[in-house]
Amino acid sequence: MTADAAAFIRANTVLTASPMVPEIPLWLATEITPIWQATEDWMAENNVAPPFWAFAWPGSVAMARHILDNPGLVAGRRVLDFAAGCGLAAIACAKAGALTVEAAEIDPLAIAATNLNAAANGVVILAPPGDIVGAACRWDLILCGDVCYEAPMTGHIMPWLHRMAETAEVWIADPGRNYLPSDGLRPFGQYTVPTSLELEDRPERMVALYRLTN
């Protein structure tokens, strides 16, 4: 994490928590427009992605709540939080006693945010840089919070996740995105997550938790 990235995150977010997961403080945006405008300026200078890492998205919130309420599901396991965003689900796993936790992101600012959030919670999260899709499986559990929001993204990740599901447990938390595949999903939980109308088209999202099967 560069000093510039950490300074940018601290300057444009505040240490707060999702109402559904008050146990985990995170560096999050509290007003939508300023962080998007600030990141557009940063993008122009540093060629980075929009600030999805600055928000606790519904899928990650539901995943984290389920993990904290059921720590035995992750305790002692090697976990990957895929497309981790701010690292919320990864931090929940570390708090629940996972053996190791990795948070995969292609956005350097998301990695920096995850590192800051892990430090704020006193946990260790490994955040390898680059696109992890295509890597051999080294995990027992892979978490995917709200990953099927675009067709290209879904097409890129789902074949790999199906391969991972041959040797690891794969969870997908989906709040009703259009590109969630209709096959190979076995539901095991459901949460109603409050959302912002500046991010979503409704004040709350029903998030379903699925196990990916082959």
# chains A, B, ... in the order shown; residues from 1 in each chain; ligands from 1
call {"tool": "residues_around", "arguments": {"residues": "A:Glu150", "least_positions_apart": "3", "cutoff": "7 Å", "atoms": "only C-alpha atoms", "output": "VMD selection string"}}
result
chain A and resid 153 to 154 179
call {"tool": "write_last_selection", "arguments": {"atoms": "C-alpha atoms", "output": "tab-separated table (two decimals), in the first residue's frame"}}
result
chain	number	residue	atom	x	y	z
A	153	MET	CA	-17.52	-9.92	-15.48
A	154	THR	CA	-19.83	-12.92	-15.15
A	179	TYR	CA	-26.39	-11.58	-14.76
call {"tool": "select_by_dssp", "arguments": {"residues": "stretch 64-163 of chain A", "states": "strand (DSSP E or B)", "output": "number ranges by chain"}}
result
A: 78-82, 100-104, 126, 141-145
call {"tool": "closest_atom_pairs", "arguments": {"of": "stretch 95-182 of chain A", "to": "stretch 18-24 of chain A", "cutoff": "9 Å", "atoms": "only C-alpha atoms", "output": "tab-separated table"}}
result
residue	atom	partner	partner_atom	distance
A:Asn117	CA	A:Ile24	CA	8.6
A:Ala120	CA	A:Ile24	CA	8.6
A:Asn121	CA	A:Ile24	CA	6.7
call {"tool": "residues_around", "arguments": {"residues": "stretch 58-66 of chain A", "least_positions_apart": "6", "cutoff": "7 Å", "atoms": "only C-alpha atoms", "output": "list in words"}}
result
Met20, Val21, Leu88, Ala89, Ala92, Gly145, Asp146, Ala173, Asp174, Pro175, Tyr191, Val193, Arg205 and Val207 of chain A
call {"tool": "closest_residue", "arguments": {"among": "A:Leu109, A:Val101, A:Leu28, A:Val123", "to": "A:Leu143", "atoms": "only C-alpha atoms"}}
result
A:Val101
call {"tool": "select_by_dssp", "arguments": {"residues": "stretch 74-111 of chain A", "states": "alpha helix (DSSP H)", "output": "MDAnalysis selection string"}}
result
chainID A and resid 88:95 108:111
call {"tool": "atom_distance", "arguments": {"atom1": "atom CA of A:Cys144", "atom2": "atom CA of A:Asp41"}}
result
29.2 Å
call {"tool": "residues_around", "arguments": {"residues": "A:Glu200", "least_positions_apart": "6", "cutoff": "12 Å", "atoms": "only C-alpha atoms", "output": "list in words"}}
result
Ile32, Phe55, Trp57, Pro58, Pro175, Gly176, Arg177, Val193, Pro194 and Met206 of chain A
call {"tool": "write_last_selection", "arguments": {"atoms": "C-alpha atoms", "output": "compact mmCIF listing (two decimals), in the first residue's frame"}}
result
# COMPACT_ATOMS: atom_id res chain seq x y z
CA ILE A 32 -21.67 9.47 -2.78
CA PHE A 55 -18.93 1.21 -0.01
CA TRP A 57 -22.22 -3.46 -0.93
CA PRO A 58 -25.25 -5.62 -0.04
CA PRO A 175 -28.82 -9.07 -4.34
CA GLY A 176 -30.79 -9.72 -7.51
CA ARG A 177 -28.30 -8.72 -10.21
CA VAL A 193 -29.90 -5.45 3.65
CA PRO A 194 -30.57 -1.69 3.91
CA MET A 206 -32.94 -9.04 -0.54
call {"tool": "closest_residue", "arguments": {"among": "A:Tyr210, A:Ala5, A:Leu199, A:Glu169", "to": "A:Pro187", "atoms": "only C-alpha atoms"}}
result
A:Tyr210
call {"tool": "closest_residue", "arguments": {"among": "A:Cys86, A:Leu80, A:Ala110, A:Ile125", "to": "A:Arg138", "atoms": "only C-alpha atoms"}}
result
A:Leu80
call {"tool": "atom_distance", "arguments": {"atom1": "atom CA of A:Ala6", "atom2": "atom CA of A:Ala38"}}
result
14.1 Å
call {"tool": "residues_around", "arguments": {"residues": "A:Trp160", "least_positions_apart": "2", "cutoff": "10 Å", "atoms": "only C-alpha atoms", "output": "PyMOL selection string"}}
result
chain A and resi 132-137+155-158+162-165
call {"tool": "write_last_selection", "arguments": {"atoms": "N, CA and C atoms", "output": "PDB file, in the first residue's frame"}}
result
ATOM      1  N   ILE A 132      -6.750 -12.768 -10.134  1.00  0.00           N
ATOM      2  CA  ILE A 132      -6.502 -14.117  -9.617  1.00  0.00           C
ATOM      3  C   ILE A 132      -7.238 -15.184 -10.418  1.00  0.00           C
ATOM      4  N   VAL A 133      -8.150 -14.770 -11.307  1.00  0.00           N
ATOM      5  CA  VAL A 133      -8.901 -15.734 -12.115  1.00  0.00           C
ATOM      6  C   VAL A 133      -7.922 -16.546 -12.963  1.00  0.00           C
ATOM      7  N   GLY A 134      -8.058 -17.853 -12.889  1.00  0.00           N
ATOM      8  CA  GLY A 134      -7.154 -18.753 -13.584  1.00  0.00           C
ATOM      9  C   GLY A 134      -6.158 -19.428 -12.665  1.00  0.00           C
ATOM     10  N   ALA A 135      -6.045 -18.934 -11.424  1.00  0.00           N
ATOM     11  CA  ALA A 135      -5.113 -19.535 -10.469  1.00  0.00           C
ATOM     12  C   ALA A 135      -5.594 -20.914 -10.046  1.00  0.00           C
ATOM     13  N   ALA A 136      -4.636 -21.764  -9.672  1.00  0.00           N
ATOM     14  CA  ALA A 136      -4.984 -23.073  -9.123  1.00  0.00           C
ATOM     15  C   ALA A 136      -5.597 -22.886  -7.741  1.00  0.00           C
ATOM     16  N   CYS A 137      -6.449 -23.814  -7.350  1.00  0.00           N
ATOM     17  CA  CYS A 137      -7.145 -23.681  -6.074  1.00  0.00           C
ATOM     18  C   CYS A 137      -6.207 -23.975  -4.909  1.00  0.00           C
ATOM     19  N   GLY A 155     -19.061 -13.597 -17.351  1.00  0.00           N
ATOM     20  CA  GLY A 155     -18.459 -14.517 -18.299  1.00  0.00           C
ATOM     21  C   GLY A 155     -17.002 -14.813 -18.002  1.00  0.00           C
ATOM     22  N   HIS A 156     -16.315 -13.840 -17.423  1.00  0.00           N
ATOM     23  CA  HIS A 156     -14.893 -14.009 -17.093  1.00  0.00           C
ATOM     24  C   HIS A 156     -14.690 -14.922 -15.889  1.00  0.00           C
ATOM     25  N   ILE A 157     -15.542 -14.779 -14.876  1.00  0.00           N
ATOM     26  CA  ILE A 157     -15.263 -15.447 -13.606  1.00  0.00           C
ATOM     27  C   ILE A 157     -15.954 -16.786 -13.430  1.00  0.00           C
ATOM     28  N   MET A 158     -17.124 -16.983 -14.031  1.00  0.00           N
ATOM     29  CA  MET A 158     -17.903 -18.172 -13.689  1.00  0.00           C
ATOM     30  C   MET A 158     -17.249 -19.492 -14.111  1.00  0.00           C
ATOM     31  N   HIS A 162     -16.512 -22.343 -11.284  1.00  0.00           N
ATOM     32  CA  HIS A 162     -16.997 -23.726 -11.382  1.00  0.00           C
ATOM     33  C   HIS A 162     -15.838 -24.709 -11.222  1.00  0.00           C
ATOM     34  N   ARG A 163     -14.682 -24.396 -11.765  1.00  0.00           N
ATOM     35  CA  ARG A 163     -13.516 -25.268 -11.569  1.00  0.00           C
ATOM     36  C   ARG A 163     -13.103 -25.274 -10.101  1.00  0.00           C
ATOM     37  N   MET A 164     -13.158 -24.123  -9.461  1.00  0.00           N
ATOM     38  CA  MET A 164     -12.811 -24.048  -8.040  1.00  0.00           C
ATOM     39  C   MET A 164     -13.775 -24.887  -7.205  1.00  0.00           C
ATOM     40  N   ALA A 165     -15.043 -24.927  -7.615  1.00  0.00           N
ATOM     41  CA  ALA A 165     -16.058 -25.661  -6.857  1.00  0.00           C
ATOM     42  C   ALA A 165     -15.845 -27.172  -6.899  1.00  0.00           C
TER      43      ALA A 165
END
call {"tool": "closest_residue", "arguments": {"among": "A:Gly184, A:Pro71, A:Gly122, A:Pro128", "to": "A:Arg211", "atoms": "only C-alpha atoms"}}
result
A:Gly184
